[in-house]
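Data block for start_15.txt (compact mmCIF, C-alpha atoms):
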```
# COMPACT_ATOMS: atom_id res chain seq x y z
CA MET A 559 -153.35 74.83 122.70
CA GLY A 560 -155.57 71.79 122.10
CA VAL A 561 -155.34 69.39 119.17
CA LEU A 562 -158.73 70.62 117.88
CA GLU A 563 -158.12 74.34 118.33
CA GLY A 564 -160.22 76.36 115.87
CA LYS A 565 -162.25 73.36 114.67
CA ILE A 566 -166.05 73.22 114.60
CA ALA A 567 -167.64 69.91 115.57
CA ILE A 568 -171.10 68.39 115.56
CA VAL A 569 -171.80 65.50 117.95
CA THR A 570 -175.19 63.80 117.79
CA GLY A 571 -176.68 62.11 120.83
CA ALA A 572 -174.37 64.22 122.97
CA GLY A 573 -176.65 64.82 125.94
CA ARG A 574 -175.52 61.69 127.76
CA GLY A 575 -173.13 58.78 127.61
CA ILE A 576 -170.54 58.43 124.86
CA GLY A 577 -171.71 61.50 122.95
CA ARG A 578 -171.48 63.70 126.03
CA GLU A 579 -167.93 62.57 126.78
CA ILE A 580 -166.89 63.21 123.17
CA ALA A 581 -168.42 66.72 123.21
CA LEU A 582 -166.64 67.57 126.48
CA ASP A 583 -163.31 66.20 125.25
CA PHE A 584 -163.61 68.07 121.95
CA ALA A 585 -164.26 71.31 123.84
CA ARG A 586 -161.28 70.71 126.15
CA GLU A 587 -159.13 70.34 123.03
CA GLY A 588 -160.31 73.68 121.63
CA ALA A 589 -163.22 72.81 119.33
CA SER A 590 -166.49 74.70 119.18
CA VAL A 591 -169.19 72.05 119.58
CA VAL A 592 -172.79 71.62 118.48
CA VAL A 593 -174.34 69.41 121.15
CA ASN A 594 -177.25 67.60 119.54
CA ASP A 595 -179.71 65.50 121.52
CA LEU A 596 -183.44 64.93 121.10
CA GLY A 597 -183.54 64.23 124.82
CA GLY A 598 -185.60 61.06 124.65
CA GLY A 599 -185.42 57.87 126.66
CA PRO A 600 -183.29 54.83 125.78
CA ASP A 601 -186.10 53.67 123.47
CA GLY A 602 -186.31 57.07 121.76
CA ALA A 603 -189.60 58.10 123.36
CA GLY A 604 -190.10 61.58 124.77
CA GLN A 605 -188.07 64.75 124.41
CA SER A 606 -186.12 67.14 126.64
CA HIS A 607 -183.41 69.78 126.50
CA ILE A 608 -180.68 67.65 128.09
CA ALA A 609 -178.25 69.15 125.54
CA ASP A 610 -178.44 72.45 127.45
CA GLU A 611 -176.72 70.86 130.45
CA VAL A 612 -173.73 69.78 128.35
CA VAL A 613 -173.52 73.20 126.70
CA ALA A 614 -173.57 74.86 130.12
CA GLU A 615 -170.77 72.59 131.31
CA ILE A 616 -168.63 73.42 128.27
CA VAL A 617 -169.25 77.16 128.57
CA ALA A 618 -168.51 77.12 132.31
CA ALA A 619 -165.13 75.58 131.50
CA GLY A 620 -164.36 78.38 129.04
CA GLY A 621 -165.38 76.59 125.82
CA GLU A 622 -167.87 77.32 123.07
CA ALA A 623 -170.97 75.22 122.43
CA ALA A 624 -174.47 75.43 121.02
CA ALA A 625 -177.42 73.14 121.68
CA ASN A 626 -179.63 71.45 119.11
CA TYR A 627 -182.68 69.28 119.86
CA ASP A 628 -183.60 67.96 116.38
CA THR A 629 -184.02 64.29 115.53
CA VAL A 630 -181.36 62.63 113.38
CA ALA A 631 -183.97 60.34 111.82
CA THR A 632 -185.27 62.79 109.19
CA MET A 633 -183.61 64.83 106.47
CA GLU A 634 -185.13 67.96 107.98
CA GLY A 635 -183.60 67.12 111.33
CA GLY A 636 -180.19 66.31 109.90
CA THR A 637 -180.15 69.54 107.92
CA ALA A 638 -181.20 71.57 110.96
CA ILE A 639 -178.42 70.01 113.07
CA PHE A 640 -175.85 70.95 110.44
CA GLN A 641 -177.34 74.44 110.07
CA THR A 642 -176.85 75.02 113.80
CA ALA A 643 -173.09 74.73 113.25
CA ILE A 644 -173.22 77.22 110.38
CA ASP A 645 -175.41 79.69 112.28
CA SER A 646 -173.51 79.40 115.56
CA PHE A 647 -169.90 79.09 114.42
CA GLY A 648 -169.78 79.76 110.68
CA GLY A 649 -168.75 76.33 109.46
CA ALA A 650 -168.19 72.65 110.23
CA ASP A 651 -165.08 70.45 110.28
CA ILE A 652 -166.04 67.36 112.27
CA LEU A 653 -169.20 65.25 112.41
CA VAL A 654 -169.65 62.47 114.95
CA ASN A 655 -172.74 60.33 114.31
CA ASN A 656 -173.40 58.84 117.74
CA ALA A 657 -177.15 59.16 118.44
CA GLY A 658 -178.92 55.87 119.07
CA ILE A 659 -181.78 54.01 120.73
CA LEU A 660 -182.72 50.41 121.51
CA ARG A 661 -185.93 48.44 120.94
CA ASP A 662 -184.68 44.90 121.59
CA ARG A 663 -186.87 41.96 120.65
CA THR A 664 -186.38 38.58 118.97
CA ILE A 665 -187.54 38.15 115.38
CA PHE A 666 -190.56 36.21 116.65
CA ASN A 667 -191.95 39.18 118.56
CA MET A 668 -190.51 42.30 116.93
CA SER A 669 -193.07 44.73 115.52
CA GLU A 670 -192.66 46.64 112.29
CA ASP A 671 -192.51 49.88 114.28
CA GLU A 672 -189.71 48.52 116.47
CA TRP A 673 -187.73 47.60 113.37
CA ASP A 674 -188.40 50.88 111.57
CA ILE A 675 -187.56 53.31 114.37
CA VAL A 676 -184.24 51.65 115.27
CA VAL A 677 -183.13 51.54 111.62
CA ALA A 678 -184.32 55.14 111.19
CA VAL A 679 -182.36 56.52 114.14
CA HIS A 680 -179.17 54.55 113.52
CA LEU A 681 -178.71 53.83 109.81
CA LYS A 682 -180.92 56.50 108.29
CA GLY A 683 -179.75 58.93 110.97
CA HIS A 684 -176.17 58.52 109.79
CA PHE A 685 -177.28 59.34 106.25
CA CYS A 686 -179.47 62.30 107.25
CA CYS A 687 -176.62 63.99 109.12
CA SER A 688 -173.79 63.00 106.78
CA GLN A 689 -175.30 64.21 103.51
CA PRO A 690 -175.53 67.94 104.37
CA PHE A 691 -172.00 67.76 105.81
CA ALA A 692 -170.64 65.99 102.71
CA ARG A 693 -172.35 68.46 100.37
CA TYR A 694 -170.92 71.36 102.36
CA ILE A 695 -167.42 69.86 102.07
CA ARG A 696 -167.75 69.51 98.29
CA GLU A 697 -169.43 72.86 97.64
CA ASN A 698 -166.86 74.77 99.73
CA ASN A 699 -163.86 72.54 99.00
CA ARG A 700 -163.37 72.36 102.77
CA THR A 701 -160.48 69.93 103.01
CA GLY A 702 -159.22 68.08 106.07
CA CYS A 703 -162.61 67.34 107.61
CA ARG A 704 -163.44 64.31 109.78
CA LEU A 705 -166.49 62.05 109.85
CA ILE A 706 -166.70 59.48 112.64
CA ASN A 707 -169.52 56.94 112.75
CA PHE A 708 -170.64 54.45 115.37
CA SER A 709 -171.20 50.77 114.69
CA SER A 710 -171.41 47.93 117.24
CA VAL A 711 -170.33 44.35 117.80
CA SER A 712 -174.08 43.61 117.75
CA GLY A 713 -173.90 44.16 114.00
CA LEU A 714 -170.30 43.20 113.32
CA TYR A 715 -170.50 39.92 115.27
CA GLY A 716 -174.23 39.54 115.89
CA ASN A 717 -176.19 39.54 119.15
CA PHE A 718 -179.33 37.68 120.18
CA GLY A 719 -182.46 39.82 120.30
CA GLN A 720 -181.00 42.77 118.38
CA SER A 721 -181.71 42.07 114.72
CA ASN A 722 -182.99 45.62 114.15
CA TYR A 723 -180.07 47.29 115.94
CA GLY A 724 -177.48 44.85 114.58
CA ALA A 725 -178.66 45.22 110.99
CA ALA A 726 -178.46 49.00 111.28
CA LYS A 727 -175.01 48.87 112.85
CA ALA A 728 -173.68 46.50 110.18
CA GLY A 729 -175.11 48.85 107.56
CA ILE A 730 -173.28 51.77 109.17
CA ALA A 731 -169.97 49.93 108.74
CA ALA A 732 -170.66 49.52 105.00
CA PHE A 733 -171.91 53.11 104.74
CA SER A 734 -168.65 54.32 106.30
CA ARG A 735 -166.43 52.32 103.92
CA ILE A 736 -168.22 53.87 100.95
CA LEU A 737 -168.10 57.42 102.33
CA ALA A 738 -164.36 57.03 102.91
CA LYS A 739 -163.99 56.45 99.16
CA GLU A 740 -166.38 59.23 98.15
CA LEU A 741 -164.81 61.89 100.38
CA GLU A 742 -161.19 60.91 99.87
CA LYS A 743 -160.58 63.56 97.18
CA TYR A 744 -161.49 66.23 99.75
CA GLU A 745 -158.99 64.81 102.27
CA CYS A 746 -161.89 63.99 104.58
CA THR A 747 -161.36 60.85 106.62
CA VAL A 748 -164.27 58.57 107.51
CA ASN A 749 -163.86 56.01 110.28
CA THR A 750 -166.05 53.83 112.45
CA ILE A 751 -165.97 53.17 116.18
CA SER A 752 -167.13 49.86 117.62
CA PRO A 753 -167.51 50.76 121.30
CA SER A 754 -168.13 48.78 124.44
CA ALA A 755 -169.01 51.05 127.34
CA ALA A 756 -171.36 51.18 130.31
CA THR A 757 -174.10 53.65 129.34
CA ARG A 758 -177.80 53.88 130.04
CA LEU A 759 -178.39 51.75 126.93
CA THR A 760 -176.08 48.95 128.04
CA ILE A 761 -175.77 48.88 131.86
CA ALA A 762 -178.75 46.56 132.39
CA LEU A 763 -177.58 44.22 129.62
CA ARG A 764 -174.05 44.07 131.00
CA GLN A 765 -175.20 43.50 134.57
CA GLY A 766 -177.25 40.53 133.39
CA ARG A 767 -174.30 39.11 131.45
CA GLU A 768 -171.30 40.04 133.59
CA GLY A 769 -172.68 40.41 137.11
CA ASP A 770 -171.36 43.15 139.36
CA PHE A 771 -169.28 45.94 137.86
CA ASP A 772 -168.90 49.64 138.55
CA PRO A 773 -170.57 51.68 135.78
CA ASN A 774 -168.80 54.77 137.13
CA ASP A 775 -165.35 53.32 136.46
CA PRO A 776 -163.96 55.39 133.56
CA MET A 777 -162.23 52.27 132.22
CA VAL A 778 -165.63 50.72 131.49
CA GLY A 779 -167.62 53.94 131.09
CA PRO A 780 -168.05 56.20 128.06
CA GLN A 781 -164.98 58.25 129.06
CA GLN A 782 -162.70 55.63 127.46
CA ILE A 783 -164.19 56.18 123.99
CA ALA A 784 -163.69 59.95 123.78
CA PRO A 785 -159.87 60.11 123.46
CA VAL A 786 -159.89 57.72 120.50
CA VAL A 787 -162.52 59.81 118.71
CA THR A 788 -160.59 62.99 119.49
CA TRP A 789 -157.40 61.48 118.06
CA LEU A 790 -159.19 60.49 114.84
CA ALA A 791 -160.61 64.03 114.60
CA SER A 792 -157.21 65.64 115.13
CA PRO A 793 -154.47 66.34 112.56
CA ALA A 794 -152.74 63.13 113.73
CA GLY A 795 -155.61 61.13 112.21
CA ARG A 796 -155.26 62.53 108.68
CA ASP A 797 -153.94 59.27 107.17
CA VAL A 798 -156.40 56.90 108.87
CA THR A 799 -159.61 56.36 106.91
CA GLY A 800 -162.06 53.56 106.12
CA GLN A 801 -161.16 51.73 109.35
CA ILE A 802 -163.14 50.21 112.23
CA LEU A 803 -161.60 50.72 115.67
CA HIS A 804 -162.86 48.70 118.61
CA VAL A 805 -162.61 50.40 122.00
CA SER A 806 -163.41 48.47 125.16
CA GLY A 807 -162.16 48.38 128.75
CA GLY A 808 -158.82 50.00 128.10
CA GLN A 809 -158.37 48.13 124.81
CA VAL A 810 -158.15 49.79 121.41
CA GLY A 811 -157.90 47.54 118.38
CA ILE A 812 -158.44 47.58 114.64
CA MET A 813 -160.99 45.20 113.17
CA GLN A 814 -160.68 42.93 110.16
CA GLN A 815 -163.07 43.83 107.35
CA TYR A 816 -164.46 41.73 104.51
CA ALA A 817 -161.99 39.80 102.34
CA ILE A 818 -161.98 36.43 100.55
CA ILE A 819 -159.69 34.12 102.52
CA ARG A 820 -159.85 31.01 100.27
CA SER A 821 -161.53 30.22 96.95
CA PHE A 822 -161.74 27.61 94.19
CA LYS A 823 -162.13 28.26 90.46
CA SER A 824 -163.74 26.01 87.83
CA ASP A 825 -164.17 26.19 84.05
CA HIS A 826 -167.69 24.74 84.32
CA LEU A 827 -170.83 25.12 86.41
CA LEU A 828 -170.21 23.51 89.76
CA GLU A 829 -172.10 20.33 90.46
CA ILE A 830 -173.49 19.14 93.76
CA ASP A 831 -170.84 16.45 94.29
CA GLU A 832 -168.10 19.04 93.71
CA LEU A 833 -169.74 21.43 96.17
CA ASP A 834 -169.80 18.54 98.66
CA ARG A 835 -166.00 18.84 98.67
CA VAL A 836 -165.54 22.57 98.11
CA ILE A 837 -167.87 24.16 100.66
CA PRO A 838 -166.67 22.14 103.69
CA ALA A 839 -163.09 23.05 102.70
CA LEU A 840 -164.09 26.73 102.57
CA VAL A 841 -165.76 26.52 105.98
CA GLN A 842 -162.64 24.91 107.46
CA ALA A 843 -160.52 27.71 105.98
CA LYS A 844 -162.83 30.25 107.60
CA LEU A 845 -162.61 28.53 110.99
CA ALA A 846 -158.82 28.46 110.75
CA ALA A 847 -158.74 32.15 109.82
CA ASP A 848 -161.02 32.95 112.76
CA GLU A 849 -158.66 31.10 115.10
CA ARG A 850 -155.63 32.94 113.75
CA GLY A 851 -157.43 36.26 113.96
CA ALA A 852 -158.50 35.66 117.56
CA LYS A 853 -154.92 34.88 118.54
CA GLU A 854 -153.46 37.85 116.67
CA GLY A 855 -156.13 40.16 118.11
CA GLU A 856 -155.40 39.38 121.75
CA PRO A 857 -154.54 42.63 123.60
CA GLU A 858 -150.86 43.45 123.89
CA THR A 859 -149.30 45.49 126.66
CA LEU A 860 -149.21 49.16 125.70
CA PRO A 861 -145.65 50.03 124.62
CA SER A 862 -143.88 52.56 126.85
```

Will you turn the file into structure tokens for me?
Amino acid sequence: MGVLEGKIAIVTGAGRGIGREIALDFAREGASVVVNDLGGGPDGAGQSHIADEVVAEIVAAGGEAAANYDTVATMEGGTAIFQTAIDSFGGADILVNNAGILRDRTIFNMSEDEWDIVVAVHLKGHFCCSQPFARYIRENNRTGCRLINFSSVSGLYGNFGQSNYGAAKAGIAAFSRILAKELEKYECTVNTISPSAATRLTIALRQGREGDFDPNDPMVGPQQIAPVVTWLASPAGRDVTGQILHVSGGQVGIMQQYAIIRSFKSDHLLEIDELDRVIPALVQAKLAADERGAKEGEPETLPS
């Protein structure tokens, strides 16, 4: 019996890449899965029924799945995706917001459309799919649900040429922290994945940066992300919420989130000459904290 036996899951962007691997792993662990994918290209253009292939693979292996081809970028689409779970399986327990596209460009050349569509698919898409799920949880008092969102180091650290994508991904991290608080009373956990995996969105970028590597190696491919998502969705993940987990090349780590690391207090309005002393001291404290964090975050050997 799998760790998700009897659960009903929705995975967006599940026709390829990370979403596909999550849908397959969920099904292997006993979940009934709604496989959502618009079926467009890496830039979001076009449409196909690629989700049917994943559904067929799940069914052939003895699992249960239903396809959905709606966009995540509208409220109508998000509602229709959720309704597919209700119509097909009678409920919903797990939502994985994974769908995404890229329209990379520097700020000097980015068009308004390129900004809008990336923010719509990623940040608005998380909202459009999460709201019907959250309302269903509250209206039915369906406790023990799981919501897993996808951010990126492009937003958490920053990445040249991805201001639209990075801004959306940073917003998703904030969105997730807030949902973790709002859904806590229903025992619904909300966590964020920061993945690094060779997919059709990233292979060309990684080849340019890293040179030769095998995109079919499961240690660098999307296969490495799925077990972490499955664990978070399982009963074992019931006490983990509001966290960001980074998964990359066999590494799984937890990420530091916003906190004040040093501050000064005054009983008067700060003057320029005082700020000449205070702000450099704050910057030095930040650099020291970054150095400590980098050292503490170095991968350890997995305990036996």

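Closest approach to A:Gln782 among A:Leu828, A:Ala852, A:Glu579, A:Arg574: A:Glu579, based on only C-alpha atoms.
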
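Using all atoms listed in the file, the shortest contact distance between A:Leu681 and any of A:Tyr744, A:Phe640, A:Tyr723, A:Phe718 is found at A:Tyr723.
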
For a quick check of understanding, using all atoms listed in the file, which of A:Gln605, A:Thr701, A:Asn717, A:Asn656 has the smallest distance to A:Cys746? A:Thr701

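With distances restricted to all atoms listed in the file, A:Gly573 is the closest residue to A:Glu611 from A:Pro793, A:Gly658, A:Gly573, A:Pro857.
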
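Nearest to A:Asn655 of all the residues A:Gly577, A:Gly716, A:Gly598, A:Gly811 is A:Gly577, counting all atoms listed in the file.
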
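Pairwise distance (atom CA of A:Pro785, atom CA of A:Ile580) equals 7.7 Å.
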
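With only C-alpha atoms taken into account, the protein and nucleic acid residues at most 12 Å from A:Ile812 (excluding it and anything under 5 positions from it in its own chain) are Asn749, Thr750, Ile751, Ser752, Pro753, Val786, Val798, Thr799, Gly800, Gln801, Ile802, Leu803, His804, Val805, Ser806, Gly851, Glu854, Gly855, Glu856 and Pro857 of chain A.
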
In Å, with one decimal, what is the gap from atom CA of A:Glu634 to atom CA of A:Cys686? 8.0 Å

For stretch 831-861 of chain A, supply N, CA and C atoms and report the output as a compact mmCIF listing (two decimals), in the frame of the given file.
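Wrote it out as result_24.txt, contents follow:
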```txt
# COMPACT_ATOMS: atom_id res chain seq x y z
N ASP A 831 -171.89 17.28 93.70
CA ASP A 831 -170.84 16.45 94.29
C ASP A 831 -169.53 17.22 94.45
N GLU A 832 -169.28 18.18 93.56
CA GLU A 832 -168.10 19.04 93.71
C GLU A 832 -168.27 19.99 94.90
N LEU A 833 -169.47 20.54 95.05
CA LEU A 833 -169.74 21.43 96.17
C LEU A 833 -169.67 20.67 97.50
N ASP A 834 -169.95 19.36 97.46
CA ASP A 834 -169.80 18.54 98.66
C ASP A 834 -168.37 18.57 99.18
N ARG A 835 -167.41 18.77 98.28
CA ARG A 835 -166.00 18.84 98.67
C ARG A 835 -165.56 20.28 98.92
N VAL A 836 -166.03 21.19 98.09
CA VAL A 836 -165.54 22.57 98.11
C VAL A 836 -166.03 23.34 99.34
N ILE A 837 -167.33 23.30 99.60
CA ILE A 837 -167.87 24.16 100.66
C ILE A 837 -167.37 23.77 102.04
N PRO A 838 -167.30 22.46 102.39
CA PRO A 838 -166.67 22.14 103.69
C PRO A 838 -165.23 22.61 103.79
N ALA A 839 -164.48 22.56 102.68
CA ALA A 839 -163.09 23.05 102.70
C ALA A 839 -163.06 24.56 102.94
N LEU A 840 -164.01 25.29 102.35
CA LEU A 840 -164.09 26.73 102.57
C LEU A 840 -164.43 27.04 104.02
N VAL A 841 -165.38 26.30 104.58
CA VAL A 841 -165.76 26.52 105.98
C VAL A 841 -164.58 26.26 106.91
N GLN A 842 -163.81 25.20 106.64
CA GLN A 842 -162.64 24.91 107.46
C GLN A 842 -161.61 26.03 107.36
N ALA A 843 -161.45 26.59 106.16
CA ALA A 843 -160.52 27.71 105.98
C ALA A 843 -160.98 28.92 106.80
N LYS A 844 -162.28 29.14 106.82
CA LYS A 844 -162.83 30.25 107.60
C LYS A 844 -162.60 30.03 109.10
N LEU A 845 -162.83 28.82 109.58
CA LEU A 845 -162.61 28.53 110.99
C LEU A 845 -161.15 28.72 111.37
N ALA A 846 -160.25 28.29 110.49
CA ALA A 846 -158.82 28.46 110.75
C ALA A 846 -158.43 29.93 110.77
N ALA A 847 -159.01 30.71 109.85
CA ALA A 847 -158.74 32.15 109.82
C ALA A 847 -159.28 32.83 111.07
N ASP A 848 -160.46 32.39 111.53
CA ASP A 848 -161.02 32.95 112.76
C ASP A 848 -160.10 32.68 113.95
N GLU A 849 -159.55 31.46 114.00
CA GLU A 849 -158.66 31.10 115.10
C GLU A 849 -157.38 31.93 115.07
N ARG A 850 -156.83 32.11 113.87
CA ARG A 850 -155.63 32.94 113.75
C ARG A 850 -155.92 34.37 114.15
N GLY A 851 -157.06 34.88 113.66
CA GLY A 851 -157.43 36.26 113.96
C GLY A 851 -157.64 36.50 115.44
N ALA A 852 -158.28 35.52 116.12
CA ALA A 852 -158.50 35.66 117.56
C ALA A 852 -157.18 35.71 118.31
N LYS A 853 -156.23 34.89 117.88
CA LYS A 853 -154.92 34.88 118.54
C LYS A 853 -154.16 36.18 118.27
N GLU A 854 -154.18 36.63 117.02
CA GLU A 854 -153.46 37.85 116.67
C GLU A 854 -154.11 39.09 117.30
N GLY A 855 -155.41 39.01 117.57
CA GLY A 855 -156.13 40.16 118.11
C GLY A 855 -156.12 40.26 119.62
N GLU A 856 -155.48 39.30 120.30
CA GLU A 856 -155.40 39.38 121.75
C GLU A 856 -154.66 40.65 122.18
N PRO A 857 -155.16 41.35 123.20
CA PRO A 857 -154.54 42.63 123.60
C PRO A 857 -153.07 42.47 123.98
N GLU A 858 -152.26 43.38 123.53
CA GLU A 858 -150.86 43.45 123.89
C GLU A 858 -150.68 44.54 124.95
N THR A 859 -149.62 44.44 125.69
CA THR A 859 -149.30 45.49 126.66
C THR A 859 -148.93 46.77 125.91
N LEU A 860 -149.48 47.87 126.35
CA LEU A 860 -149.21 49.16 125.70
C LEU A 860 -147.71 49.46 125.75
N PRO A 861 -147.09 49.75 124.60
CA PRO A 861 -145.65 50.03 124.62
C PRO A 861 -145.36 51.33 125.37
```
